[in-house]
Amino acid sequence: MAESRQRVGSDPSVAATAVAATPALVDGFLGHLAVERQVSAHTLDAYRRDLCALDQWAQAQQQSLTQLDAEHLRAFVASEHRRGLAPKSLQRRLSACRSFYRWLLRHGRIAASPAAAIRAPKAPRKLPHVLDADEAARLVEVPTDVPLGLRDRALLELFYSSGLRLSELCALRWRDLDLADGLVTVLGKGRKQRSVPVGSHARTALAAWRDAQQPTSDAPIFPGRNGPIGPRAVQLRLRQLAQRQGLFKRVHPHLLRHSFASHVLESSGDLRGVQELLGHADIATTQIYTHLDFQHLAKVYDAAHPRAKRKR
C-alpha cells in the first residue's frame with residue numbers, strides 16, 4: 001500500500017489510483033462534503049487528489065495527517081513547488097488542506113489547525129477572454145433551417161442571454177423555464193437556486209424549439225441520447241458552430257458566460273447585480289470583470305486622447 005501511495009503522489013497522471021490509497025480520515029471528510037455541503041463530484045475528486053498527495057508526503061516523513069504542524073505543511077508546499085506545481089495548483093491544494101484541518105478541529109481530532117497561517121504563492125491573475133458584442137451576435141445567430149438548427153439557436157441564445165454555467169444549462173428541464181415572465185431557475189454551485197432573466201431573443205428561440213419538440217414539463221430542454229445533453233457534447237458543438245460562423249477564437253461555454261458578464265457590467269456598471277446574475281458567492285470573483293471593463297476604457301482613451309497617442 002505504501003508503494004502504491006508513493007507512486008500516486010509522484011505522478012499526477014495516475015491520480016485516479018489514489019482512491020485505493022485514501023486514508024479513512026480523508027474518506028470521512030469527503031463524505032461530509034458530499035452529504036452536508038453537497039459539493040460537486042469534480043470538487044470531491046480534486047480534494048481527494050490533494051489530500052492523498054499530502055498523506056503520501058506525510059508517510060515519507062514518517063508522520064500521520066494528524067501529527068503534521070505548520071512547519072510540516074510549509075515543507076510540503078515547498079516540495080510540491082519543486083515538483084513543478086503551478087501557484088494556482090498550490091493554492092487549490094492548500095485550500096483543500098485548510099478545509100480538511102478545520103473539519104478535524106471541529107471534531108476534536110486535532111488541537112489546532114496547522115494550515116491556518118500557511119499562505120500559497122500568489123498566482124498571476126489572468127483576465128478571461130470575451131467576445132465583443134458583434135462577435136457574440138454572429139455566433140448566436142446560427143441558421144435554424146438546418147438539422148438541429150432550432151436547438152443550436154436556443155442553446156446559444158440562452159447561454160449568452162443568461163450567463164449560465166455549462167452544468168446549469170445541461171441540467172435544465174422545461175419546468176425550470178418561464179417564457180411568459182422571461183425567467184429561468186437554475187441550480188448552481190453548492191446546490192444554490194437562483195432565478196435569472198431570459199432575454200427576448202432567447203425566449204423566441206426557446207419557444208420555437210419547444211413548439212418543434214412538444215415536450216413534457218419534465219423533459220430536458222436540451223436532450224441527449226440518454227437524458228439531458230452531456231457537457232462534452234455541448235463543448236464540441238459550440239466549437240463546430242463557432243467555426244461555421246466564421247469565429248476562429250477558442251470558443252467554449254464559459255466564454256459566453258464571460259462575455260455576458262462583461263457586456264452587462266459595461267452597460268450597467270452594477271457589479272452587485274452581475275454577481276447575483278452569475279451566482280457568485282463572493283463579489284471578489286465578479287470583480288475580475290471590472291478589470292476587463294477598465295481595459296476597454298483604457299483602449300478607448302489611448303485611441304481618442306491626443307496626448308495619449310504614441311508617436312511612431
# chains A, B, ... in the order shown; residues from 1 in each chain; ligands from 1
call {"tool": "residues_around", "arguments": {"residues": "A:Asp50", "least_positions_apart": "3", "cutoff": "6 Å", "atoms": "only C-alpha atoms", "output": "list in words"}}
result
Tyr47, Ala53 and Arg93 of chain A
call {"tool": "write_last_selection", "arguments": {"atoms": "N, CA and C atoms", "output": "mmCIF file, in the first residue's frame"}}
result
data_model
loop_
_atom_site.group_PDB
_atom_site.id
_atom_site.type_symbol
_atom_site.label_atom_id
_atom_site.label_comp_id
_atom_site.auth_asym_id
_atom_site.auth_seq_id
_atom_site.Cartn_x
_atom_site.Cartn_y
_atom_site.Cartn_z
ATOM 1 N N TYR A 47 -10.325 17.411 -4.251
ATOM 2 C CA TYR A 47 -9.946 17.350 -2.835
ATOM 3 C C TYR A 47 -9.291 16.002 -2.509
ATOM 4 N N ALA A 53 -2.159 13.414 -1.850
ATOM 5 C CA ALA A 53 -0.780 13.882 -2.049
ATOM 6 C C ALA A 53 -0.162 14.274 -0.709
ATOM 7 N N ARG A 93 -4.458 23.247 -3.573
ATOM 8 C CA ARG A 93 -4.022 22.174 -2.672
ATOM 9 C C ARG A 93 -4.076 22.649 -1.216
#
call {"tool": "select_by_dssp", "arguments": {"residues": "stretch 172-252 of chain A", "states": "alpha helix (DSSP H)", "output": "JSON, numbers by chain"}}
result
{"A": [200, 201, 202, 203, 204, 205, 206, 207, 208, 209, 210, 211, 212, 213, 231, 232, 233, 234, 235, 236, 237, 238, 239, 240, 241, 242, 243, 244]}
call {"tool": "closest_residue", "arguments": {"among": "A:Ala233, A:Leu238, A:Val264, A:Val198", "to": "A:Asp152", "atoms": "only C-alpha atoms"}}
result
A:Leu238
call {"tool": "residues_around", "arguments": {"residues": "A:Ala70", "least_positions_apart": "6", "cutoff": "12 Å", "atoms": "only C-alpha atoms", "output": "list in words"}}
result
Phe76, Val77, Leu94, Cys97, Arg98, Tyr101, Ala112, Ser113, Pro114, Ala115, Ala116, Ala117, Ile118 and Arg119 of chain A
call {"tool": "closest_residue", "arguments": {"among": "A:Leu30, A:Ala133, A:Leu139, A:Leu44", "to": "A:Glu266", "atoms": "only C-alpha atoms"}}
result
A:Ala133
call {"tool": "residues_around", "arguments": {"residues": "A:Ala242", "least_positions_apart": "2", "cutoff": "12 Å", "atoms": "only C-alpha atoms", "output": "ChimeraX atom specification"}}
result
/A:131,135-142,152,156,235-240,244-253,255-256
call {"tool": "atom_distance", "arguments": {"atom1": "atom CA of A:Leu265", "atom2": "atom CA of A:Arg232"}}
result
28.9 Å
call {"tool": "closest_residue", "arguments": {"among": "A:Leu73, A:Leu183, A:Leu148, A:Ala120", "to": "A:Ala212", "atoms": "only C-alpha atoms"}}
result
A:Leu148
call {"tool": "atom_distance", "arguments": {"atom1": "atom CA of A:Pro220", "atom2": "atom CA of A:Leu241"}}
result
21.5 Å
call {"tool": "select_by_dssp", "arguments": {"residues": "stretch 66-279 of chain A", "states": "strand (DSSP E or B)", "output": "number ranges by chain"}}
result
A: 173, 177-178, 183-187, 193-197, 220, 223, 228
call {"tool": "write_last_selection", "arguments": {"atoms": "C-alpha atoms", "output": "CSV table (one decimal), in the first residue's frame"}}
result
chain,number,residue,atom,x,y,z
A,173,ARG,CA,-35.9,21.0,-17.8
A,177,LEU,CA,-38.3,27.9,-17.7
A,178,ASP,CA,-41.0,30.5,-17.5
A,183,LEU,CA,-37.1,33.7,-16.2
A,184,VAL,CA,-35.1,30.5,-15.8
A,185,THR,CA,-34.5,28.8,-12.5
A,186,VAL,CA,-31.2,27.1,-12.2
A,187,LEU,CA,-29.3,25.1,-9.5
A,193,GLN,CA,-31.0,28.0,-6.6
A,194,ARG,CA,-31.3,31.3,-8.4
A,195,SER,CA,-33.6,32.9,-11.0
A,196,VAL,CA,-32.1,34.6,-14.0
A,197,PRO,CA,-33.7,36.7,-16.7
A,220,PRO,CA,-34.8,18.2,-20.5
A,223,PRO,CA,-31.9,16.2,-24.7
A,228,PRO,CA,-30.1,15.6,-20.8
call {"tool": "atom_distance", "arguments": {"atom1": "atom CA of A:Ala46", "atom2": "atom CA of A:Ser95"}}
result
10.8 Å
call {"tool": "closest_residue", "arguments": {"among": "A:Leu155, A:Leu105, A:Leu172, A:Ala261", "to": "A:Glu276", "atoms": "only C-alpha atoms"}}
result
A:Ala261
call {"tool": "closest_residue", "arguments": {"among": "A:Glu36, A:Asp218, A:Glu157, A:Glu168", "to": "A:Ala205", "atoms": "only C-alpha atoms"}}
result
A:Glu157
call {"tool": "residues_around", "arguments": {"residues": "A:Ala34", "least_positions_apart": "4", "cutoff": "12 Å", "atoms": "only C-alpha atoms", "output": "ChimeraX atom specification"}}
result
/A:27-30,38-45,47-48,190-191
call {"tool": "write_last_selection", "arguments": {"atoms": "C-alpha atoms", "output": "short mmCIF file (atom, residue, chain, number, x, y, z; two decimals), in the first residue's frame"}}
result
data_model
loop_
_atom_site.label_atom_id
_atom_site.label_comp_id
_atom_site.auth_asym_id
_atom_site.auth_seq_id
_atom_site.Cartn_x
_atom_site.Cartn_y
_atom_site.Cartn_z
CA ASP A 27 -12.83 9.46 3.37
CA GLY A 28 -14.78 10.82 6.35
CA PHE A 29 -14.08 14.39 5.31
CA LEU A 30 -15.11 13.74 1.71
CA GLN A 38 -23.33 18.78 -1.42
CA VAL A 39 -20.25 19.73 -3.40
CA SER A 40 -19.87 18.51 -6.98
CA ALA A 41 -18.17 15.25 -7.96
CA HIS A 42 -15.45 17.31 -9.68
CA THR A 43 -14.65 19.13 -6.42
CA LEU A 44 -14.62 15.86 -4.48
CA ASP A 45 -12.12 14.35 -6.93
CA TYR A 47 -9.95 17.35 -2.83
CA ARG A 48 -9.23 13.62 -2.83
CA GLY A 190 -23.40 24.36 -3.69
CA ARG A 191 -26.93 23.48 -4.91
#
call {"tool": "closest_residue", "arguments": {"among": "A:Ala208, A:Pro215, A:Ile221, A:Arg203", "to": "A:Gly149", "atoms": "only C-alpha atoms"}}
result
A:Ala208
call {"tool": "residues_around", "arguments": {"residues": "A:Phe260", "least_positions_apart": "3", "cutoff": "6 Å", "atoms": "only C-alpha atoms", "output": "mmCIF file with N, CA and C atoms, in the first residue's frame"}}
result
data_model
loop_
_atom_site.group_PDB
_atom_site.id
_atom_site.type_symbol
_atom_site.label_atom_id
_atom_site.label_comp_id
_atom_site.auth_asym_id
_atom_site.auth_seq_id
_atom_site.Cartn_x
_atom_site.Cartn_y
_atom_site.Cartn_z
ATOM 1 N N TYR A 160 -25.851 32.939 -23.832
ATOM 2 C CA TYR A 160 -25.408 34.336 -23.862
ATOM 3 C C TYR A 160 -26.401 35.258 -23.154
ATOM 4 N N GLY A 163 -26.082 33.937 -19.079
ATOM 5 C CA GLY A 163 -24.785 33.733 -18.435
ATOM 6 C C GLY A 163 -24.709 32.467 -17.610
ATOM 7 N N ARG A 257 -20.342 32.890 -20.987
ATOM 8 C CA ARG A 257 -20.638 33.400 -19.636
ATOM 9 C C ARG A 257 -19.791 34.641 -19.342
ATOM 10 N N HIS A 263 -20.381 42.286 -20.826
ATOM 11 C CA HIS A 263 -21.265 43.200 -21.549
ATOM 12 C C HIS A 263 -22.311 43.828 -20.626
#
call {"tool": "residues_around", "arguments": {"residues": "A:Ala281", "least_positions_apart": "2", "cutoff": "12 Å", "atoms": "only C-alpha atoms", "output": "PyMOL selection string"}}
result
chain A and resi 188-194+272+274-279+283-286
call {"tool": "write_last_selection", "arguments": {"atoms": "N, CA and C atoms", "output": "mmCIF file, in the first residue's frame"}}
result
data_model
loop_
_atom_site.group_PDB
_atom_site.id
_atom_site.type_symbol
_atom_site.label_atom_id
_atom_site.label_comp_id
_atom_site.auth_asym_id
_atom_site.auth_seq_id
_atom_site.Cartn_x
_atom_site.Cartn_y
_atom_site.Cartn_z
ATOM 1 N N GLY A 188 -27.230 26.165 -9.004
ATOM 2 C CA GLY A 188 -25.819 26.474 -9.200
ATOM 3 C C GLY A 188 -24.908 25.726 -8.258
ATOM 4 N N LYS A 189 -23.705 26.263 -8.066
ATOM 5 C CA LYS A 189 -22.724 25.636 -7.184
ATOM 6 C C LYS A 189 -23.255 25.591 -5.757
ATOM 7 N N GLY A 190 -22.913 24.510 -5.051
ATOM 8 C CA GLY A 190 -23.399 24.360 -3.693
ATOM 9 C C GLY A 190 -24.905 24.142 -3.632
ATOM 10 N N ARG A 191 -25.489 23.732 -4.791
ATOM 11 C CA ARG A 191 -26.933 23.480 -4.906
ATOM 12 C C ARG A 191 -27.750 24.707 -4.511
ATOM 13 N N LYS A 192 -27.210 25.882 -4.824
ATOM 14 C CA LYS A 192 -27.932 27.134 -4.556
ATOM 15 C C LYS A 192 -28.801 27.478 -5.757
ATOM 16 N N GLN A 193 -30.061 27.725 -5.490
ATOM 17 C CA GLN A 193 -31.014 28.021 -6.559
ATOM 18 C C GLN A 193 -31.086 29.522 -6.792
ATOM 19 N N ARG A 194 -31.153 29.909 -8.059
ATOM 20 C CA ARG A 194 -31.336 31.319 -8.376
ATOM 21 C C ARG A 194 -32.176 31.439 -9.642
ATOM 22 N N ARG A 272 -22.730 44.473 -8.190
ATOM 23 C CA ARG A 272 -23.517 43.607 -7.309
ATOM 24 C C ARG A 272 -24.604 42.868 -8.090
ATOM 25 N N VAL A 274 -24.466 42.014 -11.279
ATOM 26 C CA VAL A 274 -23.806 40.980 -12.079
ATOM 27 C C VAL A 274 -23.439 39.791 -11.194
ATOM 28 N N GLN A 275 -23.028 40.061 -9.961
ATOM 29 C CA GLN A 275 -22.726 38.976 -9.018
ATOM 30 C C GLN A 275 -23.953 38.091 -8.804
ATOM 31 N N GLU A 276 -25.118 38.714 -8.614
ATOM 32 C CA GLU A 276 -26.352 37.950 -8.409
ATOM 33 C C GLU A 276 -26.711 37.139 -9.644
ATOM 34 N N LEU A 277 -26.553 37.748 -10.809
ATOM 35 C CA LEU A 277 -26.901 37.047 -12.052
ATOM 36 C C LEU A 277 -26.005 35.832 -12.280
ATOM 37 N N LEU A 278 -24.722 35.978 -11.953
ATOM 38 C CA LEU A 278 -23.786 34.883 -12.162
ATOM 39 C C LEU A 278 -23.851 33.828 -11.069
ATOM 40 N N GLY A 279 -24.414 34.183 -9.909
ATOM 41 C CA GLY A 279 -24.469 33.235 -8.798
ATOM 42 C C GLY A 279 -23.146 33.078 -8.088
ATOM 43 N N ILE A 283 -18.144 38.453 -4.034
ATOM 44 C CA ILE A 283 -18.088 39.507 -5.055
ATOM 45 C C ILE A 283 -16.670 39.666 -5.609
ATOM 46 N N ALA A 284 -15.667 39.190 -4.868
ATOM 47 C CA ALA A 284 -14.292 39.269 -5.382
ATOM 48 C C ALA A 284 -14.148 38.469 -6.675
ATOM 49 N N THR A 285 -14.931 37.391 -6.808
ATOM 50 C CA THR A 285 -14.897 36.595 -8.036
ATOM 51 C C THR A 285 -15.427 37.404 -9.207
ATOM 52 N N THR A 286 -16.423 38.245 -8.952
ATOM 53 C CA THR A 286 -17.051 39.042 -10.011
ATOM 54 C C THR A 286 -16.178 40.232 -10.392
#
